[in-house]
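Colleague: entry23.csv is reproduced below (CSV, N, CA and C atoms).
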```csv
chain,number,residue,atom,x,y,z
A,1,GLN,N,-23.3,-19.7,-18.8
A,1,GLN,CA,-22.0,-19.2,-18.4
A,1,GLN,C,-22.3,-17.9,-17.5
A,2,VAL,N,-21.5,-17.8,-16.5
A,2,VAL,CA,-21.6,-16.7,-15.6
A,2,VAL,C,-20.3,-15.9,-15.7
A,3,GLN,N,-20.4,-14.6,-15.9
A,3,GLN,CA,-19.2,-13.7,-15.9
A,3,GLN,C,-19.3,-12.9,-14.6
A,4,LEU,N,-18.1,-12.9,-13.9
A,4,LEU,CA,-18.0,-12.2,-12.6
A,4,LEU,C,-17.0,-11.1,-12.7
A,5,VAL,N,-17.3,-9.9,-12.2
A,5,VAL,CA,-16.4,-8.8,-12.2
A,5,VAL,C,-16.3,-8.2,-10.8
A,6,GLU,N,-15.1,-8.2,-10.3
A,6,GLU,CA,-14.9,-7.6,-8.9
A,6,GLU,C,-14.5,-6.2,-9.1
A,7,SER,N,-14.9,-5.4,-8.1
A,7,SER,CA,-14.5,-4.0,-8.0
A,7,SER,C,-14.4,-3.6,-6.5
A,8,GLY,N,-13.8,-2.5,-6.3
A,8,GLY,CA,-13.8,-1.9,-4.9
A,8,GLY,C,-12.5,-2.0,-4.2
A,9,GLY,N,-11.5,-2.7,-4.8
A,9,GLY,CA,-10.2,-2.8,-4.2
A,9,GLY,C,-9.5,-1.5,-4.2
A,10,GLY,N,-8.3,-1.5,-3.5
A,10,GLY,CA,-7.5,-0.3,-3.5
A,10,GLY,C,-6.5,-0.3,-2.4
A,11,LEU,N,-6.0,0.9,-2.1
A,11,LEU,CA,-5.0,1.1,-1.1
A,11,LEU,C,-5.7,1.7,0.1
A,12,VAL,N,-5.5,1.2,1.3
A,12,VAL,CA,-6.1,1.7,2.5
A,12,VAL,C,-5.1,1.5,3.6
A,13,GLN,N,-5.2,2.4,4.6
A,13,GLN,CA,-4.4,2.3,5.8
A,13,GLN,C,-4.9,1.3,6.8
A,14,SER,N,-4.0,0.7,7.6
A,14,SER,CA,-4.4,-0.2,8.6
A,14,SER,C,-5.5,0.4,9.4
A,15,GLY,N,-6.6,-0.5,9.7
A,15,GLY,CA,-7.7,0.0,10.4
A,15,GLY,C,-8.8,0.6,9.6
A,16,GLY,N,-8.6,0.7,8.3
A,16,GLY,CA,-9.6,1.3,7.4
A,16,GLY,C,-10.5,0.2,6.9
A,17,SER,N,-11.4,0.7,5.9
A,17,SER,CA,-12.4,-0.2,5.4
A,17,SER,C,-12.5,-0.1,3.9
A,18,LEU,N,-12.9,-1.2,3.3
A,18,LEU,CA,-13.2,-1.3,1.9
A,18,LEU,C,-14.5,-2.2,1.7
A,19,ARG,N,-15.2,-1.9,0.6
A,19,ARG,CA,-16.3,-2.8,0.3
A,19,ARG,C,-16.1,-3.3,-1.1
A,20,LEU,N,-15.9,-4.6,-1.2
A,20,LEU,CA,-15.7,-5.2,-2.5
A,20,LEU,C,-17.1,-5.6,-3.1
A,21,SER,N,-17.2,-5.5,-4.4
A,21,SER,CA,-18.4,-5.9,-5.1
A,21,SER,C,-18.1,-7.0,-6.1
A,22,CYS,N,-19.0,-7.9,-6.3
A,22,CYS,CA,-18.8,-8.9,-7.4
A,22,CYS,C,-20.1,-8.9,-8.2
A,23,GLU,N,-20.0,-8.4,-9.3
A,23,GLU,CA,-21.2,-8.2,-10.2
A,23,GLU,C,-21.2,-9.4,-11.2
A,24,ALA,N,-22.4,-10.0,-11.3
A,24,ALA,CA,-22.5,-11.1,-12.2
A,24,ALA,C,-23.3,-10.8,-13.5
A,25,SER,N,-23.0,-11.4,-14.6
A,25,SER,CA,-23.7,-11.2,-15.8
A,25,SER,C,-23.8,-12.6,-16.5
A,26,GLY,N,-24.7,-12.7,-17.4
A,26,GLY,CA,-24.8,-14.0,-18.2
A,26,GLY,C,-25.9,-14.9,-17.6
A,27,GLN,N,-26.0,-14.9,-16.3
A,27,GLN,CA,-27.0,-15.7,-15.6
A,27,GLN,C,-27.3,-15.0,-14.3
A,28,ALA,N,-28.5,-15.2,-13.8
A,28,ALA,CA,-28.8,-14.8,-12.4
A,28,ALA,C,-28.1,-15.6,-11.4
A,29,LEU,N,-27.7,-15.0,-10.3
A,29,LEU,CA,-27.0,-15.8,-9.3
A,29,LEU,C,-27.9,-16.4,-8.2
A,30,ASP,N,-29.2,-16.5,-8.5
A,30,ASP,CA,-30.2,-17.0,-7.6
A,30,ASP,C,-29.9,-18.4,-7.1
A,31,TYR,N,-29.3,-19.2,-8.0
A,31,TYR,CA,-29.1,-20.6,-7.7
A,31,TYR,C,-27.6,-20.9,-7.5
A,32,HIS,N,-26.8,-19.9,-7.2
A,32,HIS,CA,-25.4,-20.0,-7.0
A,32,HIS,C,-24.9,-19.7,-5.6
A,33,SER,N,-24.1,-20.5,-5.1
A,33,SER,CA,-23.4,-20.1,-3.9
A,33,SER,C,-22.2,-19.3,-4.4
A,34,VAL,N,-21.7,-18.4,-3.5
A,34,VAL,CA,-20.6,-17.5,-4.0
A,34,VAL,C,-19.6,-17.4,-2.8
A,35,GLY,N,-18.3,-17.5,-3.2
A,35,GLY,CA,-17.3,-17.4,-2.3
A,35,GLY,C,-16.3,-16.2,-2.6
A,36,TRP,N,-15.7,-15.7,-1.6
A,36,TRP,CA,-14.6,-14.7,-1.8
A,36,TRP,C,-13.3,-15.4,-1.4
A,37,PHE,N,-12.3,-15.3,-2.2
A,37,PHE,CA,-11.0,-15.9,-2.0
A,37,PHE,C,-10.0,-14.8,-2.1
A,38,ARG,N,-8.8,-15.1,-1.6
A,38,ARG,CA,-7.7,-14.1,-1.8
A,38,ARG,C,-6.4,-14.9,-2.0
A,39,GLN,N,-5.5,-14.3,-2.7
A,39,GLN,CA,-4.3,-14.9,-3.1
A,39,GLN,C,-3.1,-13.9,-3.1
A,40,ILE,N,-2.0,-14.3,-2.5
A,40,ILE,CA,-0.8,-13.6,-2.6
A,40,ILE,C,0.2,-14.3,-3.5
A,41,PRO,N,1.1,-13.7,-4.1
A,41,PRO,CA,2.0,-14.4,-5.1
A,41,PRO,C,2.7,-15.6,-4.5
A,42,GLY,N,2.6,-16.7,-5.2
A,42,GLY,CA,3.3,-17.9,-4.8
A,42,GLY,C,2.5,-18.7,-3.8
A,43,LYS,N,1.3,-18.3,-3.5
A,43,LYS,CA,0.6,-19.1,-2.5
A,43,LYS,C,-0.8,-19.5,-3.1
A,44,GLU,N,-1.4,-20.5,-2.4
A,44,GLU,CA,-2.6,-21.0,-2.8
A,44,GLU,C,-3.7,-20.0,-2.5
A,45,TYR,N,-4.9,-20.2,-3.1
A,45,TYR,CA,-6.1,-19.4,-2.8
A,45,TYR,C,-6.4,-19.7,-1.3
A,46,GLU,N,-6.8,-18.6,-0.6
A,46,GLU,CA,-7.3,-18.8,0.7
A,46,GLU,C,-8.8,-18.4,0.8
A,47,GLY,N,-9.6,-19.3,1.3
A,47,GLY,CA,-11.0,-19.0,1.4
A,47,GLY,C,-11.2,-17.9,2.4
A,48,VAL,N,-11.9,-16.8,2.1
A,48,VAL,CA,-12.2,-15.7,3.0
A,48,VAL,C,-13.6,-15.8,3.6
A,49,SER,N,-14.6,-16.0,2.7
A,49,SER,CA,-16.0,-16.1,3.1
A,49,SER,C,-16.8,-16.7,2.0
A,50,CYS,N,-17.9,-17.2,2.4
A,50,CYS,CA,-18.8,-17.8,1.3
A,50,CYS,C,-20.3,-17.6,1.8
A,51,VAL,N,-21.2,-17.6,0.9
A,51,VAL,CA,-22.6,-17.5,1.2
A,51,VAL,C,-23.4,-18.4,0.3
A,52,SER,N,-24.4,-19.0,0.9
A,52,SER,CA,-25.2,-19.9,0.1
A,52,SER,C,-26.1,-19.2,-0.9
A,53,ALA,N,-26.7,-19.9,-1.8
A,53,ALA,CA,-27.6,-19.3,-2.8
A,53,ALA,C,-28.8,-18.6,-2.1
A,54,SER,N,-29.3,-19.2,-1.0
A,54,SER,CA,-30.4,-18.6,-0.3
A,54,SER,C,-30.0,-17.4,0.5
A,55,GLY,N,-28.7,-17.2,0.7
A,55,GLY,CA,-28.2,-16.2,1.6
A,55,GLY,C,-28.3,-16.5,3.1
A,56,GLY,N,-28.9,-17.6,3.4
A,56,GLY,CA,-29.2,-18.0,4.8
A,56,GLY,C,-28.0,-18.5,5.5
A,57,ASN,N,-27.0,-19.0,4.8
A,57,ASN,CA,-25.8,-19.5,5.4
A,57,ASN,C,-24.6,-18.8,4.9
A,58,THR,N,-23.7,-18.4,5.9
A,58,THR,CA,-22.5,-17.8,5.6
A,58,THR,C,-21.4,-18.4,6.4
A,59,ASN,N,-20.2,-18.2,5.9
A,59,ASN,CA,-19.0,-18.8,6.6
A,59,ASN,C,-17.8,-17.8,6.5
A,60,TYR,N,-17.0,-17.8,7.5
A,60,TYR,CA,-15.8,-16.9,7.4
A,60,TYR,C,-14.6,-17.6,7.9
A,61,ALA,N,-13.4,-17.2,7.3
A,61,ALA,CA,-12.2,-17.7,7.8
A,61,ALA,C,-11.9,-17.1,9.2
A,62,ASP,N,-11.3,-17.8,10.0
A,62,ASP,CA,-11.0,-17.4,11.4
A,62,ASP,C,-10.3,-16.0,11.4
A,63,SER,N,-9.4,-15.8,10.4
A,63,SER,CA,-8.6,-14.6,10.3
A,63,SER,C,-9.4,-13.4,10.0
A,64,VAL,N,-10.7,-13.5,9.5
A,64,VAL,CA,-11.5,-12.3,9.2
A,64,VAL,C,-12.8,-12.2,10.0
A,65,LYS,N,-13.0,-13.2,10.8
A,65,LYS,CA,-14.3,-13.2,11.6
A,65,LYS,C,-14.4,-12.0,12.4
A,66,GLY,N,-15.5,-11.4,12.4
A,66,GLY,CA,-15.8,-10.2,13.2
A,66,GLY,C,-15.3,-8.9,12.5
A,67,ARG,N,-14.6,-9.0,11.4
A,67,ARG,CA,-14.2,-7.9,10.6
A,67,ARG,C,-14.8,-7.8,9.2
A,68,PHE,N,-15.0,-8.9,8.6
A,68,PHE,CA,-15.6,-9.0,7.2
A,68,PHE,C,-17.0,-9.4,7.3
A,69,THR,N,-17.8,-8.9,6.4
A,69,THR,CA,-19.2,-9.4,6.2
A,69,THR,C,-19.6,-9.6,4.8
A,70,ILE,N,-20.1,-10.8,4.5
A,70,ILE,CA,-20.5,-11.1,3.1
A,70,ILE,C,-22.0,-10.9,3.0
A,71,SER,N,-22.4,-10.4,1.9
A,71,SER,CA,-23.9,-10.2,1.7
A,71,SER,C,-24.2,-10.3,0.2
A,72,ARG,N,-25.4,-10.5,-0.1
A,72,ARG,CA,-25.8,-10.7,-1.5
A,72,ARG,C,-27.1,-9.9,-1.8
A,73,ASP,N,-27.1,-9.3,-3.0
A,73,ASP,CA,-28.3,-8.7,-3.4
A,73,ASP,C,-28.7,-9.3,-4.8
A,74,ASN,N,-29.6,-10.3,-4.7
A,74,ASN,CA,-29.9,-11.0,-6.0
A,74,ASN,C,-30.6,-10.1,-7.0
A,75,ALA,N,-31.3,-9.1,-6.5
A,75,ALA,CA,-32.0,-8.2,-7.4
A,75,ALA,C,-31.0,-7.5,-8.3
A,76,LYS,N,-29.8,-7.2,-7.7
A,76,LYS,CA,-28.7,-6.5,-8.5
A,76,LYS,C,-27.7,-7.5,-9.0
A,77,ASN,N,-27.9,-8.8,-8.7
A,77,ASN,CA,-27.0,-9.9,-9.2
A,77,ASN,C,-25.6,-9.6,-8.7
A,78,THR,N,-25.5,-9.1,-7.4
A,78,THR,CA,-24.2,-8.7,-6.9
A,78,THR,C,-24.0,-9.2,-5.5
A,79,ILE,N,-22.7,-9.6,-5.3
A,79,ILE,CA,-22.3,-10.1,-3.9
A,79,ILE,C,-21.3,-9.1,-3.4
A,80,TYR,N,-21.4,-8.8,-2.1
A,80,TYR,CA,-20.5,-7.8,-1.5
A,80,TYR,C,-19.6,-8.4,-0.4
A,81,LEU,N,-18.5,-7.8,-0.2
A,81,LEU,CA,-17.7,-8.2,1.0
A,81,LEU,C,-17.3,-6.9,1.6
A,82,GLN,N,-17.9,-6.6,2.8
A,82,GLN,CA,-17.5,-5.5,3.6
A,82,GLN,C,-16.4,-5.8,4.5
A,83,MET,N,-15.3,-5.1,4.3
A,83,MET,CA,-14.1,-5.4,5.1
A,83,MET,C,-13.7,-4.2,6.0
A,84,ASN,N,-13.8,-4.4,7.3
A,84,ASN,CA,-13.5,-3.4,8.3
A,84,ASN,C,-12.3,-3.7,9.0
A,85,ASN,N,-11.7,-2.8,9.7
A,85,ASN,CA,-10.5,-2.9,10.5
A,85,ASN,C,-9.4,-3.7,9.7
A,86,LEU,N,-9.2,-3.3,8.6
A,86,LEU,CA,-8.2,-4.0,7.7
A,86,LEU,C,-6.8,-4.0,8.3
A,87,LYS,N,-6.1,-5.1,8.1
A,87,LYS,CA,-4.7,-5.3,8.6
A,87,LYS,C,-3.8,-5.5,7.4
A,88,PRO,N,-2.5,-5.2,7.6
A,88,PRO,CA,-1.6,-5.4,6.5
A,88,PRO,C,-1.6,-6.9,5.9
A,89,GLU,N,-1.9,-7.8,6.8
A,89,GLU,CA,-1.9,-9.2,6.4
A,89,GLU,C,-3.1,-9.5,5.5
A,90,ASP,N,-4.1,-8.6,5.4
A,90,ASP,CA,-5.2,-8.8,4.5
A,90,ASP,C,-4.8,-8.4,3.0
A,91,THR,N,-3.6,-7.9,2.8
A,91,THR,CA,-3.2,-7.5,1.5
A,91,THR,C,-3.1,-8.7,0.6
A,92,ALA,N,-3.8,-8.7,-0.6
A,92,ALA,CA,-3.9,-9.8,-1.5
A,92,ALA,C,-4.7,-9.4,-2.7
A,93,VAL,N,-4.8,-10.2,-3.7
A,93,VAL,CA,-5.8,-10.1,-4.7
A,93,VAL,C,-7.0,-10.9,-4.3
A,94,TYR,N,-8.1,-10.2,-4.4
A,94,TYR,CA,-9.4,-10.8,-3.9
A,94,TYR,C,-10.2,-11.2,-5.1
A,95,TYR,N,-10.7,-12.5,-5.1
A,95,TYR,CA,-11.5,-13.0,-6.2
A,95,TYR,C,-12.8,-13.5,-5.6
A,96,CYS,N,-13.9,-13.3,-6.5
A,96,CYS,CA,-15.1,-13.9,-6.2
A,96,CYS,C,-15.3,-15.1,-7.1
A,97,ALA,N,-16.1,-16.1,-6.7
A,97,ALA,CA,-16.3,-17.3,-7.4
A,97,ALA,C,-17.7,-17.8,-7.2
A,98,ALA,N,-18.3,-18.4,-8.2
A,98,ALA,CA,-19.7,-18.8,-8.1
A,98,ALA,C,-19.8,-20.3,-8.5
A,99,ASP,N,-20.8,-21.0,-7.9
A,99,ASP,CA,-21.0,-22.4,-8.2
A,99,ASP,C,-22.5,-22.6,-8.2
A,100,VAL,N,-23.0,-23.3,-9.2
A,100,VAL,CA,-24.5,-23.7,-9.2
A,100,VAL,C,-24.7,-24.8,-8.2
A,101,ASP,N,-25.7,-24.6,-7.4
A,101,ASP,CA,-26.0,-25.6,-6.4
A,101,ASP,C,-27.5,-26.0,-6.4
A,102,SER,N,-27.8,-27.2,-6.4
A,102,SER,CA,-29.2,-27.7,-6.3
A,102,SER,C,-29.8,-27.4,-4.9
A,103,ASP,N,-28.9,-27.4,-3.9
A,103,ASP,CA,-29.3,-27.1,-2.5
A,103,ASP,C,-29.0,-25.7,-2.2
A,104,SER,N,-30.0,-24.9,-2.0
A,104,SER,CA,-29.8,-23.5,-1.8
A,104,SER,C,-29.2,-23.1,-0.5
A,105,SER,N,-29.0,-24.1,0.4
A,105,SER,CA,-28.4,-23.8,1.7
A,105,SER,C,-26.9,-24.2,1.6
A,106,TYR,N,-26.4,-24.8,0.5
A,106,TYR,CA,-25.1,-25.3,0.4
A,106,TYR,C,-24.1,-24.1,0.2
A,107,MET,N,-22.9,-24.3,0.8
A,107,MET,CA,-21.8,-23.3,0.5
A,107,MET,C,-20.5,-24.1,0.8
A,108,THR,N,-19.4,-23.6,0.2
A,108,THR,CA,-18.1,-24.3,0.5
A,108,THR,C,-17.0,-23.3,0.4
A,109,ALA,N,-16.0,-23.6,1.2
A,109,ALA,CA,-14.8,-22.8,1.2
A,109,ALA,C,-13.7,-23.3,0.3
A,110,TYR,N,-14.0,-24.4,-0.4
A,110,TYR,CA,-13.0,-25.1,-1.2
A,110,TYR,C,-13.0,-24.5,-2.6
A,111,ALA,N,-11.9,-23.9,-3.0
A,111,ALA,CA,-11.8,-23.2,-4.3
A,111,ALA,C,-12.1,-24.1,-5.5
A,112,HIS,N,-11.7,-25.4,-5.4
A,112,HIS,CA,-11.9,-26.3,-6.6
A,112,HIS,C,-13.3,-26.6,-6.8
A,113,GLU,N,-14.2,-26.3,-5.9
A,113,GLU,CA,-15.6,-26.6,-6.2
A,113,GLU,C,-16.3,-25.5,-6.9
A,114,TYR,N,-15.7,-24.4,-7.2
A,114,TYR,CA,-16.3,-23.3,-7.9
A,114,TYR,C,-16.0,-23.3,-9.3
A,115,ASP,N,-17.0,-23.1,-10.2
A,115,ASP,CA,-16.9,-23.2,-11.6
A,115,ASP,C,-16.5,-21.8,-12.3
A,116,TYR,N,-17.0,-20.7,-11.7
A,116,TYR,CA,-16.8,-19.4,-12.3
A,116,TYR,C,-16.0,-18.5,-11.4
A,117,TRP,N,-15.1,-17.8,-12.0
A,117,TRP,CA,-14.2,-16.9,-11.3
A,117,TRP,C,-14.1,-15.5,-11.9
A,118,GLY,N,-14.0,-14.5,-11.1
A,118,GLY,CA,-13.7,-13.2,-11.6
A,118,GLY,C,-12.2,-13.0,-11.8
A,119,GLN,N,-11.8,-11.8,-12.3
A,119,GLN,CA,-10.4,-11.5,-12.6
A,119,GLN,C,-9.6,-11.0,-11.4
A,120,GLY,N,-10.3,-10.7,-10.3
A,120,GLY,CA,-9.6,-10.3,-9.1
A,120,GLY,C,-9.5,-8.8,-9.0
A,121,THR,N,-9.4,-8.3,-7.7
A,121,THR,CA,-9.2,-6.9,-7.5
A,121,THR,C,-8.1,-6.8,-6.3
A,122,GLN,N,-7.2,-5.9,-6.5
A,122,GLN,CA,-6.1,-5.8,-5.5
A,122,GLN,C,-6.5,-5.0,-4.3
A,123,VAL,N,-6.2,-5.6,-3.2
A,123,VAL,CA,-6.4,-4.9,-1.9
A,123,VAL,C,-5.0,-4.8,-1.2
A,124,THR,N,-4.6,-3.5,-0.9
A,124,THR,CA,-3.4,-3.3,-0.3
A,124,THR,C,-3.6,-2.5,1.0
A,125,VAL,N,-3.1,-3.0,2.1
A,125,VAL,CA,-3.3,-2.4,3.4
A,125,VAL,C,-1.9,-2.0,3.9
A,126,SER,N,-1.8,-0.7,4.1
A,126,SER,CA,-0.5,-0.2,4.6
A,126,SER,C,-0.5,-0.1,6.1
A,127,SER,N,0.7,-0.3,6.7
A,127,SER,CA,0.8,-0.2,8.1
A,127,SER,C,1.1,1.2,8.6
```
Could I get this structure in the form of structure tokens?
Modeller:
Amino acid sequence: QVQLVESGGGLVQSGGSLRLSCEASGQALDYHSVGWFRQIPGKEYEGVSCVSASGGNTNYADSVKGRFTISRDNAKNTIYLQMNNLKPEDTAVYYCAADVDSDSSYMTAYAHEYDYWGQGTQVTVSS
């Protein structure tokens, strides 16, 4: 079992930055791909970014490309999402999720493929 805890959310003005962290416990994340998702009330999860277990492959939603950067520090068992130039439409609860993969280059933006989820952290961007 993997337990995931997100942190780093908060209230920021438009154009500001936040760095979200996703710290894992219970198992090392060395063999897990990890995704960041966000959700606003009444809507489905939206894939924001994902990274393969090796860290060599990353993917971003078009809406965040050039502004967000995903990274992982396996020594700290932590995944990060650096969010720059935040916009009001980025307001949501952000979740990290992890999935065990036999292929260290694999990653996916589909929420249903992830087995482990954190509790979420609220990001609010004011205009």
Colleague: Do you have, as a Markdown table, the list of residues of region 18-79 of chain A lying at most 7 Å from region 88-103 of chain A, each with its nearest atom pair and that distance in Å to one decimal, counting only N, CA and C atoms and ordered by chain then number?
Modeller:
```
| residue | atom | partner | partner_atom | distance |
| --- | --- | --- | --- | --- |
| A:Cys22 | CA | A:Cys96 | CA | 6.3 |
| A:Tyr31 | C | A:Asp101 | N | 4.2 |
| A:His32 | CA | A:Asp99 | C | 4.1 |
| A:Ser33 | N | A:Asp99 | C | 4.1 |
| A:Val34 | CA | A:Ala97 | C | 4.3 |
| A:Gly35 | N | A:Ala97 | C | 4.1 |
| A:Trp36 | CA | A:Tyr95 | C | 4.4 |
| A:Phe37 | C | A:Tyr95 | N | 3.8 |
| A:Arg38 | CA | A:Val93 | C | 4.1 |
| A:Gln39 | N | A:Val93 | C | 4.0 |
| A:Ile40 | N | A:Ala92 | CA | 5.0 |
| A:Pro41 | N | A:Ala92 | CA | 6.9 |
| A:Ala53 | N | A:Asp103 | C | 6.3 |
| A:Ser54 | N | A:Asp103 | C | 6.6 |
```
Colleague: Restricted to N, CA and C atoms, what would the selected residues look like written as an mmCIF file, in the coordinates of the input?
Modeller:
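File written: again.cif
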```cif
data_model
loop_
_atom_site.group_PDB
_atom_site.id
_atom_site.type_symbol
_atom_site.label_atom_id
_atom_site.label_comp_id
_atom_site.auth_asym_id
_atom_site.auth_seq_id
_atom_site.Cartn_x
_atom_site.Cartn_y
_atom_site.Cartn_z
ATOM 1 N N CYS A 22 -19.000 -7.900 -6.300
ATOM 2 C CA CYS A 22 -18.800 -8.900 -7.400
ATOM 3 C C CYS A 22 -20.100 -8.900 -8.200
ATOM 4 N N TYR A 31 -29.300 -19.200 -8.000
ATOM 5 C CA TYR A 31 -29.100 -20.600 -7.700
ATOM 6 C C TYR A 31 -27.600 -20.900 -7.500
ATOM 7 N N HIS A 32 -26.800 -19.900 -7.200
ATOM 8 C CA HIS A 32 -25.400 -20.000 -7.000
ATOM 9 C C HIS A 32 -24.900 -19.700 -5.600
ATOM 10 N N SER A 33 -24.100 -20.500 -5.100
ATOM 11 C CA SER A 33 -23.400 -20.100 -3.900
ATOM 12 C C SER A 33 -22.200 -19.300 -4.400
ATOM 13 N N VAL A 34 -21.700 -18.400 -3.500
ATOM 14 C CA VAL A 34 -20.600 -17.500 -4.000
ATOM 15 C C VAL A 34 -19.600 -17.400 -2.800
ATOM 16 N N GLY A 35 -18.300 -17.500 -3.200
ATOM 17 C CA GLY A 35 -17.300 -17.400 -2.300
ATOM 18 C C GLY A 35 -16.300 -16.200 -2.600
ATOM 19 N N TRP A 36 -15.700 -15.700 -1.600
ATOM 20 C CA TRP A 36 -14.600 -14.700 -1.800
ATOM 21 C C TRP A 36 -13.300 -15.400 -1.400
ATOM 22 N N PHE A 37 -12.300 -15.300 -2.200
ATOM 23 C CA PHE A 37 -11.000 -15.900 -2.000
ATOM 24 C C PHE A 37 -10.000 -14.800 -2.100
ATOM 25 N N ARG A 38 -8.800 -15.100 -1.600
ATOM 26 C CA ARG A 38 -7.700 -14.100 -1.800
ATOM 27 C C ARG A 38 -6.400 -14.900 -2.000
ATOM 28 N N GLN A 39 -5.500 -14.300 -2.700
ATOM 29 C CA GLN A 39 -4.300 -14.900 -3.100
ATOM 30 C C GLN A 39 -3.100 -13.900 -3.100
ATOM 31 N N ILE A 40 -2.000 -14.300 -2.500
ATOM 32 C CA ILE A 40 -0.800 -13.600 -2.600
ATOM 33 C C ILE A 40 0.200 -14.300 -3.500
ATOM 34 N N PRO A 41 1.100 -13.700 -4.100
ATOM 35 C CA PRO A 41 2.000 -14.400 -5.100
ATOM 36 C C PRO A 41 2.700 -15.600 -4.500
ATOM 37 N N ALA A 53 -26.700 -19.900 -1.800
ATOM 38 C CA ALA A 53 -27.600 -19.300 -2.800
ATOM 39 C C ALA A 53 -28.800 -18.600 -2.100
ATOM 40 N N SER A 54 -29.300 -19.200 -1.000
ATOM 41 C CA SER A 54 -30.400 -18.600 -0.300
ATOM 42 C C SER A 54 -30.000 -17.400 0.500
#
```
Colleague: Determine which residues of chain A receive a DSSP assignment of helix (DSSP H, G or I), computed from the backbone, and state them as a list of chain:residue names.
Modeller: A:Leu29, A:Asp30, A:Tyr31, A:Pro88, A:Glu89, A:Asp90, A:Ala111, A:His112, A:Glu113
Colleague: So which one's closest to Val5 (chain A), A:Ala109, A:Gln82, A:Gln119, A:Leu18? Using all atoms listed in the file, please.
Modeller: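 Distance minimum relative to Val5 (chain A) lands on A:Gln119.
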Colleague: What separation in Å, quoted to one decimal, exists between CA of Asp73 (chain A) and CA of Gln13 (chain A)?
Modeller: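 Distance between the two atoms: 27.9 Å.
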Colleague: Which residues are close to Gly10 (chain A), i.e. within 7 Å by only C-alpha atoms, leaving aside same-chain residues fewer than 2 positions away? Reply as a ChimeraX atom specification.
Modeller: /A:8,12,122-124
Colleague: Which residues are close to Gly16 (chain A), i.e. within 7 Å by only N, CA and C atoms, leaving aside same-chain residues fewer than 6 positions away? Reply as number ranges by chain.
Modeller: A: 83-87
Colleague: Please save N, CA and C atoms of the selected residues as a PDB file, keeping the file's coordinate frame.
Modeller:
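Once written, again30.pdb looks like this:
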```pdb
ATOM      1  N   MET A  83     -15.300  -5.100   4.300  1.00  0.00           N
ATOM      2  CA  MET A  83     -14.100  -5.400   5.100  1.00  0.00           C
ATOM      3  C   MET A  83     -13.700  -4.200   6.000  1.00  0.00           C
ATOM      4  N   ASN A  84     -13.800  -4.400   7.300  1.00  0.00           N
ATOM      5  CA  ASN A  84     -13.500  -3.400   8.300  1.00  0.00           C
ATOM      6  C   ASN A  84     -12.300  -3.700   9.000  1.00  0.00           C
ATOM      7  N   ASN A  85     -11.700  -2.800   9.700  1.00  0.00           N
ATOM      8  CA  ASN A  85     -10.500  -2.900  10.500  1.00  0.00           C
ATOM      9  C   ASN A  85      -9.400  -3.700   9.700  1.00  0.00           C
ATOM     10  N   LEU A  86      -9.200  -3.300   8.600  1.00  0.00           N
ATOM     11  CA  LEU A  86      -8.200  -4.000   7.700  1.00  0.00           C
ATOM     12  C   LEU A  86      -6.800  -4.000   8.300  1.00  0.00           C
ATOM     13  N   LYS A  87      -6.100  -5.100   8.100  1.00  0.00           N
ATOM     14  CA  LYS A  87      -4.700  -5.300   8.600  1.00  0.00           C
ATOM     15  C   LYS A  87      -3.800  -5.500   7.400  1.00  0.00           C
TER      16      LYS A  87
END
```
Colleague: So, with only C-alpha atoms as the atoms that count, which of A:Leu81, A:Cys50, A:Leu11, A:Ala28 lies closest to Ser105 (chain A)?
Modeller: A:Cys50
Colleague: Export region 56-77 of chain A of the preceding structure, keeping C-alpha atoms, as a PDB file, in the first residue's frame.
Modeller:
```
ATOM      1  CA  GLY A  56      12.314  10.223 -18.206  1.00  0.00           C
ATOM      2  CA  ASN A  57       8.849  10.801 -19.586  1.00  0.00           C
ATOM      3  CA  THR A  58       6.490  13.594 -18.671  1.00  0.00           C
ATOM      4  CA  ASN A  59       3.234  14.879 -20.065  1.00  0.00           C
ATOM      5  CA  TYR A  60       1.184  18.019 -19.562  1.00  0.00           C
ATOM      6  CA  ALA A  61      -2.340  19.119 -20.304  1.00  0.00           C
ATOM      7  CA  ASP A  62      -2.418  21.779 -23.000  1.00  0.00           C
ATOM      8  CA  SER A  63      -3.896  24.222 -20.507  1.00  0.00           C
ATOM      9  CA  VAL A  64      -0.769  24.104 -18.307  1.00  0.00           C
ATOM     10  CA  LYS A  65       2.035  23.558 -20.812  1.00  0.00           C
ATOM     11  CA  GLY A  66       4.813  26.062 -20.362  1.00  0.00           C
ATOM     12  CA  ARG A  67       3.561  27.035 -16.900  1.00  0.00           C
ATOM     13  CA  PHE A  68       3.685  23.830 -14.828  1.00  0.00           C
ATOM     14  CA  THR A  69       6.607  21.479 -14.298  1.00  0.00           C
ATOM     15  CA  ILE A  70       6.425  18.025 -12.759  1.00  0.00           C
ATOM     16  CA  SER A  71       9.469  16.484 -11.123  1.00  0.00           C
ATOM     17  CA  ARG A  72      10.299  13.645  -8.803  1.00  0.00           C
ATOM     18  CA  ASP A  73      12.866  13.045  -6.113  1.00  0.00           C
ATOM     19  CA  ASN A  74      12.887   9.321  -5.454  1.00  0.00           C
ATOM     20  CA  ALA A  75      15.386   9.727  -2.638  1.00  0.00           C
ATOM     21  CA  LYS A  76      12.760  11.774  -0.796  1.00  0.00           C
ATOM     22  CA  ASN A  77       9.877   9.678  -2.141  1.00  0.00           C
TER      23      ASN A  77
END
```
